[in-house]
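As provided, input-v1.tsv (TSV, C-alpha atoms) reads as follows.
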chain	number	residue	atom	x	y	z
B	1	MET	CA	0.00	0.00	0.00
B	2	SER	CA	2.86	2.35	0.81
B	3	LYS	CA	4.45	2.01	-2.63
B	4	ILE	CA	1.11	2.61	-4.35
B	5	LEU	CA	0.63	5.82	-2.37
B	6	GLU	CA	4.15	6.94	-3.26
B	7	ILE	CA	3.51	6.37	-6.97
B	8	ILE	CA	0.17	8.19	-6.82
B	9	GLY	CA	1.83	11.07	-4.96
B	10	ILE	CA	4.58	11.36	-7.56
B	11	VAL	CA	2.03	11.34	-10.38
B	12	LEU	CA	-0.02	14.05	-8.62
B	13	VAL	CA	3.06	16.22	-8.12
B	14	ALA	CA	3.99	15.78	-11.80
B	15	ILE	CA	0.48	16.74	-12.96
B	16	MET	CA	0.49	19.68	-10.55
B	17	SER	CA	3.83	20.91	-11.93
B	18	LEU	CA	2.79	20.50	-15.55
B	19	GLY	CA	-0.51	22.27	-14.90
B	20	PHE	CA	1.27	25.15	-13.19
B	21	VAL	CA	3.66	25.79	-16.08
B	22	GLY	CA	0.87	25.59	-18.63
B	23	VAL	CA	1.32	22.30	-20.48
B	24	PHE	CA	-2.44	21.72	-20.37
B	25	GLU	CA	-3.14	25.26	-21.66
B	26	PRO	CA	-5.78	24.40	-24.32
B	27	ASN	CA	-7.91	22.56	-21.75
B	28	ILE	CA	-7.08	24.09	-18.36
B	29	ASP	CA	-5.78	27.54	-17.38
B	30	SER	CA	-2.16	27.65	-16.28
B	31	GLY	CA	-1.03	28.89	-12.90
B	32	LEU	CA	-2.96	28.38	-9.71
B	33	SER	CA	-5.92	26.65	-11.34
B	34	PRO	CA	-8.33	24.19	-9.71
B	35	LEU	CA	-6.19	21.38	-11.17
B	36	PHE	CA	-3.16	22.67	-9.25
B	37	TRP	CA	-5.05	22.99	-5.97
B	38	GLY	CA	-6.75	19.61	-6.40
B	39	CYS	CA	-3.44	17.85	-6.93
B	40	ALA	CA	-1.82	19.78	-4.07
B	41	GLY	CA	-4.68	18.87	-1.73
B	42	ALA	CA	-4.60	15.20	-2.70
B	43	THR	CA	-0.84	15.06	-2.21
B	44	LEU	CA	-1.18	16.67	1.21
B	45	MET	CA	-3.84	14.14	2.17
B	46	ILE	CA	-1.52	11.27	1.17
B	47	ILE	CA	1.31	12.76	3.26
B	48	LEU	CA	-0.93	13.19	6.30
B	49	TYR	CA	-2.37	9.66	5.91
B	50	ARG	CA	1.08	8.09	5.75
B	51	LYS	CA	2.25	10.12	8.74
B	52	LYS	CA	-0.79	8.97	10.74
B	53	LYS	CA	-0.17	5.34	9.81
B	54	ARG	CA	3.50	5.58	10.79
B	55	LYS	CA	2.58	7.14	14.11
B	56	GLN	CA	0.08	4.35	14.79
B	57	ALA	CA	2.72	1.76	13.96
B	58	GLY	CA	5.12	3.41	16.41
B	59	LEU	CA	7.77	4.31	13.86
B	60	GLU	CA	7.88	7.99	14.83
Write the structure described by the file as structure tokens, please.
Amino acid sequence: MSKILEIIGIVLVAIMSLGFVGVFEPNIDSGLSPLFWGCAGATLMIILYRKKKRKQAGLE
């Protein structure tokens, strides 16, 4: 499960970066668009989930 979350997080960060610089310009506005904030929020949720799971497992 951990590796899947890492892969999803990396993909979200890549989409967020590409959306910010304007690669998806014909379909989505560049900059701080809803795509950027959606990917940023999902990545933050993954980070918080993994931190919670590590804390429950006693690794931190």
If I take atom CA of B:Arg54 and atom CA of B:Ser17, how far is one from the other in Å, to one decimal?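 Atom CA of B:Ser17 lies 27.4 Å from atom CA of B:Arg54.
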Can you work out which one of B:Lys53, B:Ile47, B:Lys3, B:Phe36 has the shortest atom-to-atom distance to B:Phe24, counting all atoms listed in the file?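 Among the listed residues, B:Phe36 lies closest to B:Phe24.
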Suppose you want the space between atom CA of B:Tyr49 and atom CA of B:Leu32; what is it in Å?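 Result for atom CA of B:Tyr49 versus atom CA of B:Leu32: 24.4 Å, one decimal.
Considering the residues B:Leu35, B:Leu48, B:Ala57, B:Ala42 and counting only C-alpha atoms, B:Ile15 has its shortest atom-to-atom contact with B:Leu35.
If you look at atom CA of B:Leu12 and atom CA of B:Asn27, they are 17.5 Å away from each other.
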For a cut-off of 10 Å around (1.2, 12.5, -5.3), file coordinates, pick out all residues using all atoms listed in the file and list them as a list in words. Ile4, Leu5, Glu6, Ile7, Ile8, Gly9, Ile10, Val11, Leu12, Val13, Ala14, Ile15, Met16, Cys39, Ala40, Gly41, Ala42, Thr43, Leu44, Met45, Ile46 and Ile47 of chain B
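Among the candidates B:Lys51, B:Gln56, B:Gly19, B:Pro26, the one nearest to B:Gly38 when counting all atoms listed in the file is B:Gly19.
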